[in-house]
file coords.txt (compact mmCIF, C-alpha atoms)
# COMPACT_ATOMS: atom_id res chain seq x y z
CA MET Y 1245 26.96 -9.00 -53.43
CA SER Y 1246 29.55 -7.73 -50.97
CA ALA Y 1247 32.25 -5.33 -52.13
CA LEU Y 1248 34.85 -8.02 -51.40
CA LEU Y 1249 33.20 -10.66 -53.56
CA ALA Y 1250 32.60 -8.08 -56.29
CA ALA Y 1251 36.33 -7.29 -56.32
CA ILE Y 1252 37.13 -10.99 -56.56
CA GLU Y 1253 34.71 -11.35 -59.47
CA ARG Y 1254 36.45 -8.53 -61.35
CA PHE Y 1255 39.79 -10.21 -60.64
CA TYR Y 1256 38.54 -13.57 -61.95
CA ASP Y 1257 37.48 -11.89 -65.19
CA ALA Y 1258 40.67 -9.82 -65.61
CA VAL Y 1259 43.41 -12.38 -64.87
CA PRO Y 1260 42.72 -14.90 -67.68
CA ARG Y 1261 42.61 -12.10 -70.25
CA GLN Y 1262 46.37 -11.62 -69.79
CA HIS Y 1263 47.02 -14.91 -71.59
CA ALA Y 1264 43.69 -16.02 -73.06
CA ASP Y 1265 41.02 -15.01 -75.55
CA ALA Y 1266 37.55 -14.54 -74.02
CA GLU Y 1267 34.63 -16.09 -75.92
CA ASP Y 1268 31.15 -14.80 -75.14
CA HIS Y 1269 28.60 -17.57 -74.62
CA GLY Y 1270 25.74 -15.55 -73.18
CA PRO Y 1271 25.74 -16.00 -69.40
CA LEU Y 1272 29.11 -17.78 -69.54
CA THR Y 1273 32.55 -16.66 -70.72
CA LEU Y 1274 35.04 -19.23 -71.99
CA PHE Y 1275 38.72 -18.35 -71.68
CA VAL Y 1276 40.89 -20.02 -74.34
CA ARG Y 1277 44.59 -19.84 -73.61
CA ARG Y 1278 46.99 -18.39 -76.17
CA GLY Y 1279 50.15 -20.49 -76.45
CA ASP Y 1280 51.51 -22.93 -73.89
CA GLY Y 1281 50.74 -23.07 -70.20
CA TRP Y 1282 47.97 -24.29 -67.93
CA PRO Y 1283 44.57 -24.23 -69.67
CA TYR Y 1284 41.77 -21.97 -68.47
CA TYR Y 1285 38.06 -22.59 -67.91
CA ALA Y 1286 34.61 -21.09 -68.34
CA ARG Y 1287 32.99 -18.93 -65.68
CA PRO Y 1288 29.93 -16.67 -65.30
CA THR Y 1289 30.06 -13.59 -67.48
CA LEU Y 1290 31.00 -10.55 -65.41
CA GLY Y 1291 27.86 -8.64 -64.48
CA HIS Y 1292 25.42 -11.40 -65.45
CA ARG Y 1293 22.52 -11.54 -62.99
CA GLY Y 1294 20.04 -13.90 -64.62
CA PRO Y 1295 19.65 -17.66 -64.25
CA LEU Y 1296 21.96 -20.18 -65.88
CA SER Y 1297 20.63 -23.43 -67.30
CA ALA Y 1298 22.00 -26.88 -67.97
CA GLU Y 1299 21.68 -26.02 -71.67
CA ASP Y 1300 24.01 -23.03 -71.20
CA VAL Y 1301 26.59 -25.30 -69.58
CA ALA Y 1302 26.18 -28.02 -72.24
CA ALA Y 1303 26.74 -25.50 -75.04
CA VAL Y 1304 30.06 -24.39 -73.54
CA ARG Y 1305 31.09 -28.00 -72.95
CA ALA Y 1306 30.52 -28.69 -76.64
CA ARG Y 1307 32.78 -25.74 -77.54
CA GLN Y 1308 35.47 -26.99 -75.13
CA ARG Y 1309 35.39 -30.42 -76.74
CA GLU Y 1310 35.63 -28.77 -80.17
CA LEU Y 1311 38.79 -26.95 -79.01
CA SER Y 1312 40.18 -30.06 -77.26
CA ILE Y 1313 40.52 -28.20 -73.95
CA PRO Y 1314 39.38 -29.34 -70.49
CA GLU Y 1315 35.64 -29.17 -69.81
CA ALA Y 1316 36.08 -27.07 -66.67
CA PHE Y 1317 33.98 -24.36 -65.01
CA GLU Y 1318 34.87 -22.22 -62.00
CA TRP Y 1319 32.78 -19.74 -60.00
CA VAL Y 1320 31.92 -18.47 -56.51
CA LEU Y 1321 28.77 -20.09 -55.15
CA GLU Y 1322 27.59 -17.05 -53.20
CA THR Y 1323 27.98 -14.80 -56.26
CA THR Y 1324 26.35 -17.14 -58.79
CA PRO Y 1325 23.86 -19.33 -56.91
CA GLY Y 1326 22.18 -21.92 -59.07
CA LEU Y 1327 25.11 -22.62 -61.37
CA ASP Y 1328 25.97 -25.65 -59.24
CA ALA Y 1329 22.56 -27.16 -59.94
CA ALA Y 1330 22.84 -26.33 -63.64
CA ALA Y 1331 26.29 -27.91 -63.84
CA GLU Y 1332 25.12 -31.07 -62.11
CA ALA Y 1333 22.09 -31.25 -64.40
CA ALA Y 1334 24.57 -31.06 -67.31
CA CYS Y 1335 26.29 -34.18 -65.89
CA LEU Y 1336 29.30 -32.41 -64.33
CA ARG Y 1337 30.75 -33.14 -60.95
CA VAL Y 1338 30.85 -30.04 -58.70
CA ARG Y 1339 33.47 -29.61 -55.97
CA ARG Y 1340 32.81 -26.97 -53.34
CA CYS Y 1341 35.98 -25.60 -51.76
CA PRO Y 1342 36.59 -23.06 -49.01
CA LEU Y 1343 37.43 -19.58 -50.35
CA LEU Y 1344 39.54 -17.66 -47.85
CA VAL Y 1345 40.74 -14.05 -47.63
CA LEU Y 1346 43.70 -12.76 -45.65
CA ARG Y 1347 42.75 -10.82 -42.52
CA GLY Y 1348 45.56 -8.75 -41.02
CA GLU Y 1349 49.25 -9.49 -41.35
CA PRO Y 1350 50.50 -12.93 -42.46
CA VAL Y 1351 51.93 -15.22 -39.81
CA LEU Y 1352 55.22 -16.85 -40.84
CA PRO Y 1353 55.49 -20.27 -39.19
CA ASP Y 1354 58.63 -21.60 -37.55
CA LEU Y 1355 60.65 -23.82 -39.88
CA PRO Y 1356 63.35 -26.45 -39.43
CA GLU Y 1357 66.89 -25.05 -39.60
CA ASP Y 1358 67.57 -26.90 -42.86
CA ILE Y 1359 64.70 -25.15 -44.71
CA SER Y 1360 64.74 -21.73 -46.38
CA VAL Y 1361 61.92 -19.97 -48.26
CA SER Y 1362 62.34 -17.29 -50.90
CA VAL Y 1363 60.78 -15.78 -54.02
CA ILE Y 1364 62.02 -17.35 -57.27
CA THR Y 1365 63.68 -15.19 -59.94
CA ALA Y 1366 64.05 -15.81 -63.66
CA GLN Y 1367 67.77 -16.46 -63.07
CA ASP Y 1368 67.21 -19.15 -60.45
CA PRO Y 1369 69.32 -22.25 -61.23
CA ASP Y 1370 66.55 -24.50 -59.84
CA LEU Y 1371 63.76 -23.38 -62.20
CA ALA Y 1372 63.12 -26.79 -63.72
CA ALA Y 1373 63.26 -28.54 -60.35
CA ALA Y 1374 60.91 -25.99 -58.81
CA GLN Y 1375 58.36 -26.41 -61.58
CA ALA Y 1376 58.68 -30.19 -61.32
CA VAL Y 1377 57.73 -30.03 -57.63
CA ALA Y 1378 54.23 -28.99 -58.65
CA HIS Y 1379 53.92 -31.86 -61.15
CA VAL Y 1380 54.92 -34.45 -58.55
CA ALA Y 1381 52.81 -32.86 -55.81
CA PHE Y 1382 49.67 -32.55 -57.92
CA GLY Y 1383 50.13 -36.10 -59.19
CA ALA Y 1384 49.52 -37.43 -55.67
CA LEU Y 1385 45.74 -37.58 -55.25
CA SER Y 1386 45.82 -36.96 -51.51
CA THR Y 1387 47.46 -34.53 -49.13
CA ALA Y 1388 49.11 -37.27 -47.06
CA ALA Y 1389 52.84 -37.77 -46.72
CA GLY Y 1390 54.31 -40.32 -49.11
CA PRO Y 1391 57.52 -41.66 -50.65
CA ALA Y 1392 57.80 -39.34 -53.68
CA GLY Y 1393 60.69 -36.97 -53.05
CA PRO Y 1394 63.64 -35.18 -54.66
CA ALA Y 1395 64.55 -38.08 -56.95
CA ASP Y 1396 61.03 -38.10 -58.41
CA ARG Y 1397 61.16 -34.31 -58.75
CA ASP Y 1398 64.45 -34.46 -60.66
CA ALA Y 1399 63.14 -37.20 -62.95
CA ALA Y 1400 60.06 -35.09 -63.71
CA ALA Y 1401 62.23 -32.01 -64.35
CA ALA Y 1402 64.06 -33.86 -67.11
CA THR Y 1403 60.82 -34.52 -68.99
CA LEU Y 1404 59.00 -31.18 -68.67
CA PRO Y 1405 57.68 -29.95 -72.04
CA ALA Y 1406 59.77 -27.11 -73.43
CA GLY Y 1407 56.70 -24.99 -74.11
CA LEU Y 1408 55.50 -25.28 -70.52
CA MET Y 1409 58.92 -24.35 -69.20
CA ALA Y 1410 59.04 -21.35 -71.53
CA ALA Y 1411 55.61 -20.15 -70.38
CA TRP Y 1412 56.65 -20.49 -66.73
CA HIS Y 1413 59.87 -18.54 -67.36
CA ALA Y 1414 57.94 -15.85 -69.24
CA SER Y 1415 55.61 -15.39 -66.27
CA LEU Y 1416 58.66 -14.71 -64.09
CA VAL Y 1417 59.99 -12.17 -66.55
CA ASP Y 1418 56.74 -10.27 -67.10
CA GLY Y 1419 55.63 -10.53 -63.48
CA THR Y 1420 52.13 -11.88 -64.17
CA LEU Y 1421 52.93 -14.67 -61.72
CA VAL Y 1422 55.16 -14.48 -58.67
CA HIS Y 1423 56.62 -17.81 -57.55
CA ALA Y 1424 58.21 -18.89 -54.26
CA ALA Y 1425 59.88 -22.08 -53.08
CA ALA Y 1426 60.87 -23.79 -49.86
CA ARG Y 1427 64.25 -25.50 -50.24
CA GLY Y 1428 65.94 -28.12 -48.16
CA ARG Y 1429 69.61 -28.39 -47.29
CA GLY Y 1430 69.47 -31.78 -45.60
CA SER Y 1431 71.17 -34.98 -46.63
CA VAL Y 1432 68.00 -36.42 -48.18
CA LEU Y 1433 65.45 -33.61 -48.61
CA THR Y 1434 67.47 -31.20 -50.73
CA GLY Y 1435 66.57 -28.53 -53.28
CA PRO Y 1436 63.03 -27.28 -53.94
CA LEU Y 1437 60.50 -29.16 -51.80
CA CYS Y 1438 57.43 -26.93 -51.92
CA VAL Y 1439 56.36 -24.28 -54.42
CA GLY Y 1440 53.53 -21.80 -54.82
CA SER Y 1441 52.58 -18.70 -56.78
CA TYR Y 1442 50.28 -15.73 -56.85
CA GLN Y 1443 48.59 -14.06 -59.79
CA HIS Y 1444 47.32 -10.52 -59.59
CA ALA Y 1445 45.08 -7.90 -61.18
CA GLN Y 1446 43.25 -4.78 -60.01
CA ASP Y 1447 44.78 -4.65 -56.49
CA VAL Y 1448 43.85 -8.30 -55.88
CA ALA Y 1449 46.18 -11.32 -55.58
CA GLU Y 1450 45.25 -14.99 -55.60
CA ILE Y 1451 47.57 -17.62 -54.12
CA VAL Y 1452 47.63 -20.62 -56.47
CA GLY Y 1453 49.46 -23.86 -57.10
CA VAL Y 1454 50.84 -24.48 -53.61
CA GLY Y 1455 52.23 -28.00 -53.65
CA THR Y 1456 54.67 -30.00 -51.52
CA LEU Y 1457 56.59 -33.15 -52.43
CA PRO Y 1458 54.87 -35.99 -50.54
CA ALA Y 1459 58.14 -36.91 -48.77
CA ALA Y 1460 58.42 -33.35 -47.38
CA ARG Y 1461 54.85 -32.91 -46.14
CA ARG Y 1462 53.78 -32.25 -42.55
CA ARG Y 1463 56.69 -29.85 -41.98
CA GLY Y 1464 54.82 -26.55 -42.43
CA LEU Y 1465 56.30 -25.83 -45.86
CA ALA Y 1466 53.01 -24.96 -47.58
CA ALA Y 1467 52.16 -22.44 -44.87
CA ALA Y 1468 55.65 -20.92 -45.08
CA VAL Y 1469 55.56 -20.56 -48.88
CA THR Y 1470 52.09 -19.03 -48.64
CA ALA Y 1471 53.22 -16.53 -45.99
CA VAL Y 1472 56.19 -15.40 -48.13
CA LEU Y 1473 53.94 -14.95 -51.17
CA VAL Y 1474 51.42 -12.97 -49.12
CA ARG Y 1475 54.14 -10.72 -47.74
CA HIS Y 1476 55.43 -10.08 -51.26
CA ALA Y 1477 51.92 -9.27 -52.54
CA LEU Y 1478 51.24 -6.83 -49.71
CA ASP Y 1479 54.60 -5.15 -50.18
CA ALA Y 1480 53.74 -4.76 -53.88
CA GLY Y 1481 50.66 -2.75 -52.90
CA LEU Y 1482 48.00 -5.41 -53.48
CA ARG Y 1483 45.18 -4.85 -51.01
CA THR Y 1484 43.23 -8.12 -51.16
CA VAL Y 1485 44.85 -11.56 -51.01
CA PHE Y 1486 42.72 -14.68 -51.28
CA LEU Y 1487 42.89 -18.38 -52.15
CA SER Y 1488 40.79 -21.51 -52.53
CA ALA Y 1489 41.64 -24.56 -50.44
CA GLN Y 1490 41.10 -28.14 -51.52
CA ASN Y 1491 39.05 -28.96 -48.43
CA ASP Y 1492 38.50 -27.97 -44.81
CA ASP Y 1493 41.67 -29.73 -43.62
CA VAL Y 1494 43.82 -27.77 -46.08
CA ALA Y 1495 41.90 -24.58 -45.22
CA ARG Y 1496 43.16 -24.92 -41.64
CA VAL Y 1497 46.75 -24.69 -42.91
CA TYR Y 1498 45.97 -21.31 -44.42
CA GLU Y 1499 44.02 -20.16 -41.40
CA ARG Y 1500 47.23 -20.48 -39.40
CA VAL Y 1501 48.80 -17.99 -41.84
CA GLY Y 1502 45.96 -15.50 -41.27
CA PHE Y 1503 43.28 -16.41 -43.83
CA ARG Y 1504 39.58 -16.60 -42.97
CA ARG Y 1505 36.78 -18.29 -44.93
CA VAL Y 1506 34.38 -15.88 -46.63
CA ALA Y 1507 32.72 -17.90 -49.41
CA THR Y 1508 32.73 -21.12 -51.45
CA ALA Y 1509 34.70 -21.65 -54.65
CA CYS Y 1510 33.16 -24.15 -57.06
CA ILE Y 1511 34.89 -26.26 -59.71
CA ALA Y 1512 32.85 -28.38 -62.14
CA GLU Y 1513 34.38 -31.07 -64.33
CA PRO Y 1514 33.26 -34.33 -65.96
CA PRO Y 1515 32.95 -37.06 -63.32
CA GLU Y 1516 35.35 -39.38 -65.16
CA ARG Y 1517 38.16 -36.84 -64.85
CA GLU Y 1518 40.44 -37.44 -61.90
CA GLU Y 1519 40.06 -34.95 -59.09
CA ARG Y 1520 42.80 -32.36 -59.24
CA ALA Y 1521 45.07 -32.16 -56.20
CA GLU Y 1522 45.26 -28.36 -55.83
CA ASP Y 1523 46.72 -26.48 -52.88
CA LEU Y 1524 48.34 -29.55 -51.38
CA ASP Y 1525 48.99 -29.42 -47.66
CA GLY Y 1526 52.57 -29.19 -46.47
call {"tool": "encode", "arguments": {"input": "coords.txt", "output": "structure tokens"}}
result
Amino acid sequence: MSALLAAIERFYDAVPRQHADAEDHGPLTLFVRRGDGWPYYARPTLGHRGPLSAEDVAAVRARQRELSIPEAFEWVLETTPGLDAAAEAACLRVRRCPLLVLRGEPVLPDLPEDISVSVITAQDPDLAAAQAVAHVAFGALSTAAGPAGPADRDAAAATLPAGLMAAWHASLVDGTLVHAAARGRGSVLTGPLCVGSYQHAQDVAEIVGVGTLPAARRRGLAAAVTAVLVRHALDAGLRTVFLSAQNDDVARVYERVGFRRVATACIAEPPEREERAEDLDG
């Protein structure tokens, strides 16, 4: 395993432990979130080098059902070859996504004059609207432009669970997540239009949750939010910045910022579960 992928493996093991309890299931570790917030997943136990079987995967799935949490598994294909076959034999659907690492300095794209991009603070008056952008963006099961815009965002903001909002605010206060937003000042596309975050541990940062309102897509907002997050991570002293893209088309957005593909990120879920719309193109 390369030093880069080894560092990413250590990151993947360390980050969930900030907000989750780790359950040992032999070759797999299940992370069970404490309190509110996005649920975690199971992944290969750090340092495990042996084979993984469909029975190993099925045993963790049974525990996830017992806890009423998503039956989700995440790993890097090149680091844990064979887990994809085991997951599919356990009747899970495996998605293989480009895993990219920043090479050099980030490239900030040109933006329309009515768009600004900045890091979000805990005192930001648009916190609810910014968080609602992600809910609207990830609810659209494609990366294409569409009608959902600021009105849909504001309606979603009014119905966000209090516990989820509190967890998001806490991440801003304790710094475990850094959030950024692209905002519009136009007559129609106003307020937060695209959001993203990075999580960090052990000198490594992962860009996550980049999503754009469908009505604001194809304007370079996802690339701009990503570039601002990368710049912030580098300025904070983090040496490795990486992300997983939904597909090759979305990967090209991040390549324009300065990312290059180095491996394959895998996500396994039950086939009946709707495909998650992560890292939506802007």
call {"tool": "residues_around", "arguments": {"input": "coords.txt", "residues": "region 1427-1429 of chain Y", "least_positions_apart": "5", "cutoff": "7 Å", "atoms": "all atoms listed in the file", "output": "number ranges by chain"}}
result
Y: 1358-1361, 1434-1437
call {"tool": "write_last_selection", "arguments": {"input": "coords.txt", "atoms": "C-alpha atoms", "output": "compact mmCIF listing (two decimals), in the frame of the given file"}}
result
# COMPACT_ATOMS: atom_id res chain seq x y z
CA ASP Y 1358 67.57 -26.90 -42.86
CA ILE Y 1359 64.70 -25.15 -44.71
CA SER Y 1360 64.74 -21.73 -46.38
CA VAL Y 1361 61.92 -19.97 -48.26
CA THR Y 1434 67.47 -31.20 -50.73
CA GLY Y 1435 66.57 -28.53 -53.28
CA PRO Y 1436 63.03 -27.28 -53.94
CA LEU Y 1437 60.50 -29.16 -51.80
call {"tool": "residues_around", "arguments": {"input": "coords.txt", "residues": "Ala1381 (chain Y)", "least_positions_apart": "4", "cutoff": "6 Å", "atoms": "only C-alpha atoms", "output": "list of chain:residue names"}}
result
Y:Val1377, Y:Gly1455, Y:Thr1456, Y:Leu1457
call {"tool": "atom_distance", "arguments": {"input": "coords.txt", "atom1": "CA of Ser1441 (chain Y)", "atom2": "CA of Ala1512 (chain Y)"}}
result
22.6 Å
call {"tool": "residues_around", "arguments": {"input": "coords.txt", "residues": "Asp1280 (chain Y)", "least_positions_apart": "3", "cutoff": "7 Å", "atoms": "only C-alpha atoms", "output": "mmCIF file with C-alpha atoms, keeping the file's coordinate frame"}}
result
data_model
loop_
_atom_site.group_PDB
_atom_site.id
_atom_site.type_symbol
_atom_site.label_atom_id
_atom_site.label_comp_id
_atom_site.auth_asym_id
_atom_site.auth_seq_id
_atom_site.Cartn_x
_atom_site.Cartn_y
_atom_site.Cartn_z
ATOM 1 C CA GLY Y 1407 56.700 -24.990 -74.110
ATOM 2 C CA LEU Y 1408 55.500 -25.280 -70.520
ATOM 3 C CA ALA Y 1411 55.610 -20.150 -70.380
#
call {"tool": "residues_around", "arguments": {"input": "coords.txt", "residues": "region 1388-1392 of chain Y", "least_positions_apart": "4", "cutoff": "12 Å", "atoms": "all atoms listed in the file", "output": "count of residues only"}}
result
31
call {"tool": "closest_residue", "arguments": {"input": "coords.txt", "among": "Y:His1263, Y:Glu1349, Y:His1269, Y:Ala1306", "to": "Asp1418 (chain Y)", "atoms": "all atoms listed in the file"}}
result
Y:His1263
call {"tool": "atom_distance", "arguments": {"input": "coords.txt", "atom1": "CA of Val1259 (chain Y)", "atom2": "CA of Ser1297 (chain Y)"}}
result
25.4 Å
call {"tool": "residues_around", "arguments": {"input": "coords.txt", "residues": "Glu1513 (chain Y)", "least_positions_apart": "6", "cutoff": "8 Å", "atoms": "only C-alpha atoms", "output": "PyMOL selection string"}}
result
chain Y and resi 1315-1317+1336-1338
call {"tool": "atom_distance", "arguments": {"input": "coords.txt", "atom1": "CA of Phe1503 (chain Y)", "atom2": "CA of Val1345 (chain Y)"}}
result
5.1 Å
call {"tool": "closest_residue", "arguments": {"input": "coords.txt", "among": "Y:Ala1298, Y:Val1497, Y:Ile1313, Y:Val1351", "to": "Ala1329 (chain Y)", "atoms": "only C-alpha atoms"}}
result
Y:Ala1298
call {"tool": "closest_residue", "arguments": {"input": "coords.txt", "among": "Y:Leu1321, Y:Ala1406, Y:Leu1487, Y:Leu1465", "to": "His1444 (chain Y)", "atoms": "all atoms listed in the file"}}
result
Y:Leu1487
call {"tool": "closest_residue", "arguments": {"input": "coords.txt", "among": "Y:Ala1372, Y:Leu1311, Y:Val1448, Y:Ala1414", "to": "Gly1481 (chain Y)", "atoms": "only C-alpha atoms"}}
result
Y:Val1448
call {"tool": "closest_residue", "arguments": {"input": "coords.txt", "among": "Y:Gln1262, Y:Ala1331, Y:Val1452, Y:Asp1370", "to": "Gly1419 (chain Y)", "atoms": "all atoms listed in the file"}}
result
Y:Gln1262
call {"tool": "closest_residue", "arguments": {"input": "coords.txt", "among": "Y:Leu1482, Y:Ala1286, Y:Leu1248, Y:Cys1438", "to": "Thr1470 (chain Y)", "atoms": "all atoms listed in the file"}}
result
Y:Cys1438
call {"tool": "residues_near_point", "arguments": {"input": "coords.txt", "point": "(27.6, -9.3, -65.9)", "cutoff": "12 Å", "atoms": "all atoms listed in the file", "output": "CSV table (one decimal) with C-alpha atoms, in the frame of the given file"}}
result
chain,number,residue,atom,x,y,z
Y,1250,ALA,CA,32.6,-8.1,-56.3
Y,1253,GLU,CA,34.7,-11.4,-59.5
Y,1254,ARG,CA,36.4,-8.5,-61.4
Y,1257,ASP,CA,37.5,-11.9,-65.2
Y,1268,ASP,CA,31.2,-14.8,-75.1
Y,1270,GLY,CA,25.7,-15.6,-73.2
Y,1271,PRO,CA,25.7,-16.0,-69.4
Y,1272,LEU,CA,29.1,-17.8,-69.5
Y,1273,THR,CA,32.6,-16.7,-70.7
Y,1287,ARG,CA,33.0,-18.9,-65.7
Y,1288,PRO,CA,29.9,-16.7,-65.3
Y,1289,THR,CA,30.1,-13.6,-67.5
Y,1290,LEU,CA,31.0,-10.6,-65.4
Y,1291,GLY,CA,27.9,-8.6,-64.5
Y,1292,HIS,CA,25.4,-11.4,-65.4
Y,1293,ARG,CA,22.5,-11.5,-63.0
Y,1294,GLY,CA,20.0,-13.9,-64.6
Y,1295,PRO,CA,19.6,-17.7,-64.2
Y,1323,THR,CA,28.0,-14.8,-56.3
Y,1324,THR,CA,26.4,-17.1,-58.8
call {"tool": "axis_aligned_box", "arguments": {"input": "coords.txt", "around": "region 1305-1314 of chain Y", "padding_each_side": "3 Å", "output": "AutoDock Vina command-line options"}}
result
--center_x 35.5 --center_y -28.1 --center_z -75.3 --size_x 16.0 --size_y 10.7 --size_z 15.7
